[in-house]
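Since the structure comes first, as structure tokens, the remarks are kept for the end.
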Amino acid sequence: METYTFNAYPDHLNTAHVALFHNLKNAAALRAQIRAAATSPDEADRDAVNFAFVEPRLITSRLHLQTAIAQASLAAAQGNLRTKTVHSEILWALNPTNNITEALRRYGNSDTSTTLLVVRVGGMDVPAETVLKQMNEVAIGDVQPLDTLEALTDWSSVKKYHKLNNEVAIKTARDVNHEHQIVDNIVVTSVAMKSVVS
Amino acid sequence: MQTSSFASKLNMASPLSHTLLQSSSLVAQGAEARVYKSSLTIGGPPFLLKHRFNKQYRHPSLDASLTRSRVAGEARALLKCLRSGVNVPGVRFVDASEGILGIEWIDGLSVRRLLPGGTEDEEDLDGESIHDPQAKLSAHGISVGNLMSLIGIELAKMHAADIIHGDLTTSNMMLRHLTKFQVPVGSSDSLQLVLIDFGLSYHSALVEDKAVDLYVLERAFASTHPESEPLFASVLQAYADRLGKEWSGVKRRLDDVRLRGRKRSMVG
Ligand SMILES: Nc1ncnc2c1ncn2[C@@H]1O[C@H](COP(=O)(O)OP(=O)(O)OP(=O)(O)O)[C@@H](O)[C@H]1O
Ligand SMILES: [Mg+2]
């Protein structure tokens with residue numbers, strides 16, 4: 001798990017914990033738990049799944065995810081959330097269109113996920129070990145270093161969702177590494193500027 | 001809340017953006033914007049934060065929407081350039097309501113500072129080197145001719161995508177030193193010419209707009225780097241080679257624009 005500190009953000013939004021799970025064992029059960037929590041009268045049920053569950057194959061770099069967190073938390077700090085919570089807002093920020101359902105479907109977890117990014121945005125008051133423990137209670141799998149993210153990226157889906165296949169930048173890339181750098185920069189840029197698109 | 005209404009009366013940034021600016025270091029102060037080096041997360045990559053501050057003489061709500069659309073416009077131009085393969089910094093952070101645009105930090109120097117005439121403290125340099133365009137460039141491992149070609153190529157890529165920069169000067173282009181990590185495998189290029197400052201850019205397919213864009217840069221070369229003015233021909237040569245068949249139209253129009261410029265300066 002990695003913890004990022006956003007200097008300038010208000011106390012309740014200045015910390016983000018991110019864990020990458022491999023060999024996820026309970027994908028379908030986790031989705032059922034999230035659905036049940038949404039309508040549960042018991043706040044503890046909602047607290048248990050108070051995370052952003054993100055599809056790692058659509059994430060191109062740490063910066064990509066950090067940028068989505070930064071824009072989602074900015075919207076939360078300014079009272080401009082377009083979705084219900086800062087966590088769903090991260091998924092909204094990642095998706096290139098304005099369709100919230102599509103954002104959750106594409107960038108959220110699915111019944112068949114075998115890898116998963118779990119994100120908690122909050123304050124510094126909760127220790128990282130506590131957050132990791134809470135993550136391990138809902139996601140059953142192996143927490144691996146974020147450096148393993150790179151190998152999971154599904155570049156063709158990323159290019160498809162961002163409509164990059166016919167772009168000059170992609171067609172003129174010198175090799176696959178160069179192409180990945182270009183795609184990452186475009187994707188990070190799109191996430192950062194989503195609030196001013198359209 | 002008392003503090004926030006006080007803040008809005010003073011046209012101050014919101015708490016978040018305000019603290020972000022306070023934790024950043026000022027790089028440059030312009031007439032419309034202040035530029036800072038900043039970072040979102042502790043230990044995270046640096047980025048350049050451009051803050052279009054409020055104009056006291058404009059109506060606040062008009063000012064806010066104008067500022068917002070300029071930030072949006074600059075961000076959109078950068079994205080269009082990236083998609084079109086033009087070397088520009090990526091966008092890293094946007095708070096349009098506060099007039100804040102964060103862009104990828106480019107490690108390097110502006111072309112202005114790499115050419116003779118671009119810095120005020122040149123008396124420090126000994127004798128002849130002041131007038132030798134290659135003098136400052138040697139340390140960067142690039143010939144002045146190559147630098148001019150890099151400029152022409154980026155401008156052609158930008159115009160081929162129908163993006164007009166609107167403020168082409170040698171301070172709005174940077175020579176970037178790529179780190180080992182950033183250099184594509186199998187490539188020996190470790191220098192990249194990057195176009196910056198798209199605050200006045202717009203979309204246009206008109207040869208007139210492209211010609212004027214080039215003319216503005218030609219004038220900038222003449223006034224900032226009188227010694228290097230002949231070098232502008234190399235910029236155009238590379239531009240022409242890269243642009244291809246569209247060049248003849250732009251060339252004809254550029255000649256017109258030069259003529260109009262000369263007439264205007266004779267009258268004025
Ligand atoms: N992405 C960047 N990375 C590093 N330095 C940069 C970057 N962008 C701009 N700079 C530096 O900051 C200066 C001002 O940036 P920019 O031109 O975008 O702002 P501006 O307010 O329009 O300034 P000016 O009025 O001087 O043109 C540049 O001349 C350059 O030296
Ligand atoms: Mg400038």
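Each chain in the structure tokens gets a letter, A, B, ..., in the order shown, and its residues are numbered from 1; ligands are numbered from 1 in order too.
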From range 39-259 of chain B, collect each residue whose DSSP state is helix (DSSP H, G or I) and return the set as a PyMOL selection string.
chain B and resi 60-83+96-98+111-114+122-124+127-131+138-140+144-160+170-172+207-224+226-259
Can you pull out every residue within 9 Å of Ser61 in chain A, counting only C-alpha atoms, but drop anything in the same chain fewer than 6 positions away, and send it as a PyMOL selection string?
chain A and resi 149-150+153+184+188
Compile a residue-level contact table for chain B against chain A at a cut-off of 6 Å, reporting for every qualifying residue the shortest atom pair and its distance in Å to one decimal, with only C-alpha atoms counted, rows ordered by chain and ascending number, as JSON lines.
{"residue": "B:Leu16", "atom": "CA", "partner": "A:Tyr9", "partner_atom": "CA", "distance": 5.5}
{"residue": "B:Thr19", "atom": "CA", "partner": "A:Ala8", "partner_atom": "CA", "distance": 5.1}
{"residue": "B:Leu20", "atom": "CA", "partner": "A:Ala8", "partner_atom": "CA", "distance": 4.8}
{"residue": "B:Leu40", "atom": "CA", "partner": "A:Phe6", "partner_atom": "CA", "distance": 5.6}
{"residue": "B:Thr41", "atom": "CA", "partner": "A:Phe6", "partner_atom": "CA", "distance": 4.5}
{"residue": "B:Ile42", "atom": "CA", "partner": "A:Thr5", "partner_atom": "CA", "distance": 5.7}
{"residue": "B:Ala72", "atom": "CA", "partner": "A:Val196", "partner_atom": "CA", "distance": 5.4}
{"residue": "B:Arg83", "atom": "CA", "partner": "A:Ala169", "partner_atom": "CA", "distance": 5.3}
{"residue": "B:Ser84", "atom": "CA", "partner": "A:Val168", "partner_atom": "CA", "distance": 4.9}
{"residue": "B:Gly85", "atom": "CA", "partner": "A:Ala169", "partner_atom": "CA", "distance": 3.8}
{"residue": "B:Gly90", "atom": "CA", "partner": "A:Thr189", "partner_atom": "CA", "distance": 5.5}
{"residue": "B:Val91", "atom": "CA", "partner": "A:Thr189", "partner_atom": "CA", "distance": 4.5}
{"residue": "B:Arg92", "atom": "CA", "partner": "A:Ala192", "partner_atom": "CA", "distance": 5.4}
{"residue": "B:Phe93", "atom": "CA", "partner": "A:Ala192", "partner_atom": "CA", "distance": 5.0}
{"residue": "B:Val94", "atom": "CA", "partner": "A:Met193", "partner_atom": "CA", "distance": 5.7}
{"residue": "B:Pro184", "atom": "CA", "partner": "A:His178", "partner_atom": "CA", "distance": 5.4}
Serialized selection, N, CA and C atoms, as a CSV table (one decimal), in the first residue's frame:
chain,number,residue,atom,x,y,z
B,16,LEU,N,-8.3,26.0,-0.7
B,16,LEU,CA,-7.4,25.0,-1.3
B,16,LEU,C,-6.4,25.6,-2.3
B,19,THR,N,-3.8,27.7,-0.5
B,19,THR,CA,-2.7,27.0,0.2
B,19,THR,C,-1.8,26.4,-0.8
B,20,LEU,N,-2.3,26.0,-2.0
B,20,LEU,CA,-1.5,25.4,-3.0
B,20,LEU,C,-0.5,26.5,-3.5
B,40,LEU,N,1.7,18.4,-6.2
B,40,LEU,CA,0.4,18.1,-5.5
B,40,LEU,C,0.6,17.3,-4.3
B,41,THR,N,1.5,16.2,-4.4
B,41,THR,CA,1.7,15.3,-3.3
B,41,THR,C,3.1,15.5,-2.8
B,42,ILE,N,3.4,15.3,-1.5
B,42,ILE,CA,4.7,15.4,-1.0
B,42,ILE,C,5.6,14.4,-1.7
B,72,ALA,N,-9.6,27.1,-19.6
B,72,ALA,CA,-10.2,25.9,-20.4
B,72,ALA,C,-9.5,25.9,-21.8
B,83,ARG,N,-2.4,15.1,-28.7
B,83,ARG,CA,-3.1,14.1,-29.6
B,83,ARG,C,-2.5,14.2,-31.0
B,84,SER,N,-2.0,15.4,-31.4
B,84,SER,CA,-1.5,15.6,-32.7
B,84,SER,C,0.0,15.3,-32.8
B,85,GLY,N,0.6,14.9,-31.7
B,85,GLY,CA,2.0,14.6,-31.7
B,85,GLY,C,2.9,15.8,-31.6
B,90,GLY,N,2.1,18.3,-20.8
B,90,GLY,CA,0.7,17.8,-20.5
B,90,GLY,C,0.1,18.6,-19.4
B,91,VAL,N,-1.2,18.5,-19.2
B,91,VAL,CA,-1.9,19.2,-18.2
B,91,VAL,C,-1.9,18.3,-16.9
B,92,ARG,N,-1.7,18.9,-15.7
B,92,ARG,CA,-1.6,18.1,-14.5
B,92,ARG,C,-2.6,18.5,-13.5
B,93,PHE,N,-3.2,19.7,-13.5
B,93,PHE,CA,-4.1,20.2,-12.5
B,93,PHE,C,-4.9,21.3,-13.1
B,94,VAL,N,-6.2,21.3,-12.8
B,94,VAL,CA,-7.1,22.4,-13.3
B,94,VAL,C,-8.0,22.8,-12.1
B,184,PRO,N,13.1,7.4,-25.5
B,184,PRO,CA,12.6,6.1,-26.0
B,184,PRO,C,13.8,5.2,-26.3
Can I get the residues close to ligand 1 as a ChimeraX atom specification, where close means within 7 Å and we count only C-alpha atoms and all ligand atoms?
/B:27-35,47-48,50,89,103-107,109-110,171-172,196-197,199
Could you name the residues that touch Arg253 in chain B at 10 Å or less, counting only C-alpha atoms, but leaving out those on the same chain fewer than 2 positions away, as a compact mmCIF listing (two decimals) with C-alpha atoms, in the first residue's frame?
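Printed below is around.txt as written:
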# COMPACT_ATOMS: atom_id res chain seq x y z
CA VAL B 207 -3.26 30.02 -44.24
CA GLU B 208 -3.57 33.66 -43.19
CA ASP B 209 -3.57 32.70 -39.50
CA LYS B 210 -0.62 30.34 -39.95
CA ALA B 211 1.32 32.99 -41.86
CA VAL B 212 0.69 35.61 -39.18
CA TRP B 247 3.70 25.31 -47.61
CA SER B 248 3.32 27.13 -50.92
CA GLY B 249 0.07 28.71 -49.74
CA VAL B 250 1.51 29.71 -46.38
CA LYS B 251 4.66 31.06 -48.07
CA ASP B 255 5.12 37.38 -48.12
CA ASP B 256 1.86 39.37 -48.09
CA VAL B 257 1.93 39.68 -44.33
CA ARG B 258 5.53 40.92 -44.41
CA LEU B 259 4.61 43.51 -47.00
DSSP strand (DSSP E) selection over range 28-198 of chain A, as number ranges by chain:
A: 52-54, 116-122, 142-144
Selection file, N, CA and C atoms, as a PDB file, in the first residue's frame:
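The resulting file, part.pdb, is reproduced below:
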ATOM      1  N   ALA A  52     -12.738   3.647  -3.060  1.00  0.00           N
ATOM      2  CA  ALA A  52     -12.928   3.582  -4.513  1.00  0.00           C
ATOM      3  C   ALA A  52     -12.284   2.275  -4.948  1.00  0.00           C
ATOM      4  N   PHE A  53     -13.063   1.434  -5.644  1.00  0.00           N
ATOM      5  CA  PHE A  53     -12.530   0.183  -6.190  1.00  0.00           C
ATOM      6  C   PHE A  53     -12.294   0.420  -7.674  1.00  0.00           C
ATOM      7  N   VAL A  54     -11.026   0.351  -8.071  1.00  0.00           N
ATOM      8  CA  VAL A  54     -10.660   0.771  -9.425  1.00  0.00           C
ATOM      9  C   VAL A  54     -10.050  -0.386 -10.220  1.00  0.00           C
ATOM     10  N   LEU A 116      -7.187  -5.621  -8.453  1.00  0.00           N
ATOM     11  CA  LEU A 116      -8.034  -4.514  -7.998  1.00  0.00           C
ATOM     12  C   LEU A 116      -7.202  -3.444  -7.293  1.00  0.00           C
ATOM     13  N   LEU A 117      -7.519  -2.194  -7.598  1.00  0.00           N
ATOM     14  CA  LEU A 117      -6.927  -1.088  -6.846  1.00  0.00           C
ATOM     15  C   LEU A 117      -7.965  -0.616  -5.836  1.00  0.00           C
ATOM     16  N   VAL A 118      -7.554  -0.471  -4.599  1.00  0.00           N
ATOM     17  CA  VAL A 118      -8.465   0.013  -3.569  1.00  0.00           C
ATOM     18  C   VAL A 118      -7.931   1.342  -3.049  1.00  0.00           C
ATOM     19  N   VAL A 119      -8.784   2.357  -3.068  1.00  0.00           N
ATOM     20  CA  VAL A 119      -8.355   3.712  -2.714  1.00  0.00           C
ATOM     21  C   VAL A 119      -9.200   4.260  -1.577  1.00  0.00           C
ATOM     22  N   ARG A 120      -8.573   4.834  -0.581  1.00  0.00           N
ATOM     23  CA  ARG A 120      -9.305   5.521   0.483  1.00  0.00           C
ATOM     24  C   ARG A 120      -8.802   6.949   0.574  1.00  0.00           C
ATOM     25  N   VAL A 121      -9.710   7.888   0.411  1.00  0.00           N
ATOM     26  CA  VAL A 121      -9.383   9.304   0.596  1.00  0.00           C
ATOM     27  C   VAL A 121      -9.903   9.725   1.958  1.00  0.00           C
ATOM     28  N   GLY A 122      -9.076  10.414   2.727  1.00  0.00           N
ATOM     29  CA  GLY A 122      -9.509  10.864   4.044  1.00  0.00           C
ATOM     30  C   GLY A 122      -8.470  11.772   4.665  1.00  0.00           C
ATOM     31  N   ASP A 142      -3.780 -10.744  -2.614  1.00  0.00           N
ATOM     32  CA  ASP A 142      -2.423 -10.389  -2.181  1.00  0.00           C
ATOM     33  C   ASP A 142      -2.127  -8.934  -2.524  1.00  0.00           C
ATOM     34  N   VAL A 143      -1.775  -8.176  -1.496  1.00  0.00           N
ATOM     35  CA  VAL A 143      -1.381  -6.790  -1.745  1.00  0.00           C
ATOM     36  C   VAL A 143       0.053  -6.786  -2.274  1.00  0.00           C
ATOM     37  N   GLN A 144       0.209  -6.215  -3.465  1.00  0.00           N
ATOM     38  CA  GLN A 144       1.522  -6.182  -4.126  1.00  0.00           C
ATOM     39  C   GLN A 144       1.987  -4.740  -4.317  1.00  0.00           C
TER      40      GLN A 144
END
What lies within 8 Å of Leu217 in chain B using only C-alpha atoms, ignoring chain neighbours under 4 positions off, as a PyMOL selection string?
chain B and resi 167-170+213+221
What's the 7 Å shell around Ala156 in chain B, counting only C-alpha atoms, without same-chain residues fewer than 2 positions away, as a list in words?
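Within the cut-off, the hits are Gly152, Ile153, Glu154, Met158, His159, Ala160, Tyr239, Arg242 and Leu243 of chain B.
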Can you pull out every residue within 7 Å of Val194 in chain B, counting only C-alpha atoms, but drop anything in the same chain fewer than 6 positions away, and send it as number ranges by chain?
B: 87-88, 173-176
Which residues are near range 80-92 of chain A? Cut-off 7 Å, only C-alpha atoms, ignore same chain within fewer than 4 positions. Put them as a PDB file with N, CA, C and O atoms, in the first residue's frame.
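around.pdb written:
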ATOM      1  N   PHE A  51     -14.582   2.940  -0.012  1.00  0.00           N
ATOM      2  CA  PHE A  51     -13.357   3.011  -0.816  1.00  0.00           C
ATOM      3  C   PHE A  51     -13.740   3.281  -2.266  1.00  0.00           C
ATOM      4  O   PHE A  51     -14.897   3.122  -2.649  1.00  0.00           O
ATOM      5  N   ALA A  52     -12.738   3.647  -3.060  1.00  0.00           N
ATOM      6  CA  ALA A  52     -12.928   3.582  -4.513  1.00  0.00           C
ATOM      7  C   ALA A  52     -12.284   2.275  -4.948  1.00  0.00           C
ATOM      8  O   ALA A  52     -11.126   1.997  -4.617  1.00  0.00           O
ATOM      9  N   ALA A  68      -6.540  11.677 -10.809  1.00  0.00           N
ATOM     10  CA  ALA A  68      -7.987  11.472 -10.613  1.00  0.00           C
ATOM     11  C   ALA A  68      -8.364  11.746  -9.159  1.00  0.00           C
ATOM     12  O   ALA A  68      -9.401  12.362  -8.874  1.00  0.00           O
ATOM     13  N   ILE A  69      -7.530  11.293  -8.229  1.00  0.00           N
ATOM     14  CA  ILE A  69      -7.796  11.534  -6.803  1.00  0.00           C
ATOM     15  C   ILE A  69      -7.776  13.038  -6.522  1.00  0.00           C
ATOM     16  O   ILE A  69      -8.659  13.578  -5.855  1.00  0.00           O
ATOM     17  N   ALA A  72     -10.896  14.713  -7.963  1.00  0.00           N
ATOM     18  CA  ALA A  72     -12.086  14.311  -7.204  1.00  0.00           C
ATOM     19  C   ALA A  72     -12.113  15.008  -5.844  1.00  0.00           C
ATOM     20  O   ALA A  72     -13.147  15.525  -5.419  1.00  0.00           O
ATOM     21  N   SER A  73     -10.961  15.059  -5.177  1.00  0.00           N
ATOM     22  CA  SER A  73     -10.905  15.696  -3.863  1.00  0.00           C
ATOM     23  C   SER A  73     -11.094  17.204  -3.970  1.00  0.00           C
ATOM     24  O   SER A  73     -11.672  17.828  -3.081  1.00  0.00           O
ATOM     25  N   ALA A  75     -13.025  18.654  -6.180  1.00  0.00           N
ATOM     26  CA  ALA A  75     -14.480  18.830  -6.319  1.00  0.00           C
ATOM     27  C   ALA A  75     -15.163  18.684  -4.961  1.00  0.00           C
ATOM     28  O   ALA A  75     -16.065  19.449  -4.619  1.00  0.00           O
ATOM     29  N   ALA A  76     -14.707  17.715  -4.162  1.00  0.00           N
ATOM     30  CA  ALA A  76     -15.288  17.509  -2.833  1.00  0.00           C
ATOM     31  C   ALA A  76     -15.031  18.727  -1.945  1.00  0.00           C
ATOM     32  O   ALA A  76     -15.933  19.207  -1.253  1.00  0.00           O
ATOM     33  N   ILE A 100     -22.089   8.641 -15.841  1.00  0.00           N
ATOM     34  CA  ILE A 100     -21.668   8.096 -14.541  1.00  0.00           C
ATOM     35  C   ILE A 100     -21.774   6.566 -14.503  1.00  0.00           C
ATOM     36  O   ILE A 100     -20.878   5.872 -14.004  1.00  0.00           O
ATOM     37  N   ALA A 103     -18.940   5.148 -16.260  1.00  0.00           N
ATOM     38  CA  ALA A 103     -17.715   5.328 -15.472  1.00  0.00           C
ATOM     39  C   ALA A 103     -17.569   4.203 -14.457  1.00  0.00           C
ATOM     40  O   ALA A 103     -16.502   3.598 -14.313  1.00  0.00           O
ATOM     41  N   LEU A 104     -18.672   3.896 -13.738  1.00  0.00           N
ATOM     42  CA  LEU A 104     -18.618   2.866 -12.709  1.00  0.00           C
ATOM     43  C   LEU A 104     -18.412   1.482 -13.340  1.00  0.00           C
ATOM     44  O   LEU A 104     -17.664   0.650 -12.826  1.00  0.00           O
ATOM     45  N   TYR A 107     -14.549   1.663 -15.088  1.00  0.00           N
ATOM     46  CA  TYR A 107     -13.407   1.924 -14.201  1.00  0.00           C
ATOM     47  C   TYR A 107     -13.567   1.327 -12.810  1.00  0.00           C
ATOM     48  O   TYR A 107     -12.624   1.320 -12.028  1.00  0.00           O
ATOM     49  N   GLY A 108     -14.775   0.817 -12.508  1.00  0.00           N
ATOM     50  CA  GLY A 108     -14.986   0.182 -11.213  1.00  0.00           C
ATOM     51  C   GLY A 108     -14.631  -1.298 -11.267  1.00  0.00           C
ATOM     52  O   GLY A 108     -14.152  -1.794 -12.282  1.00  0.00           O
TER      53      GLY A 108
END
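Here CA of Gln237 in chain B and CA of Leu79 in chain B stand 27.1 Å from one another.
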One number please: CA of Glu227 in chain B to CA of Gly118 in chain B, in Å, one decimal.
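About the pair CA of Glu227 in chain B and CA of Gly118 in chain B: they are 10.6 Å apart.
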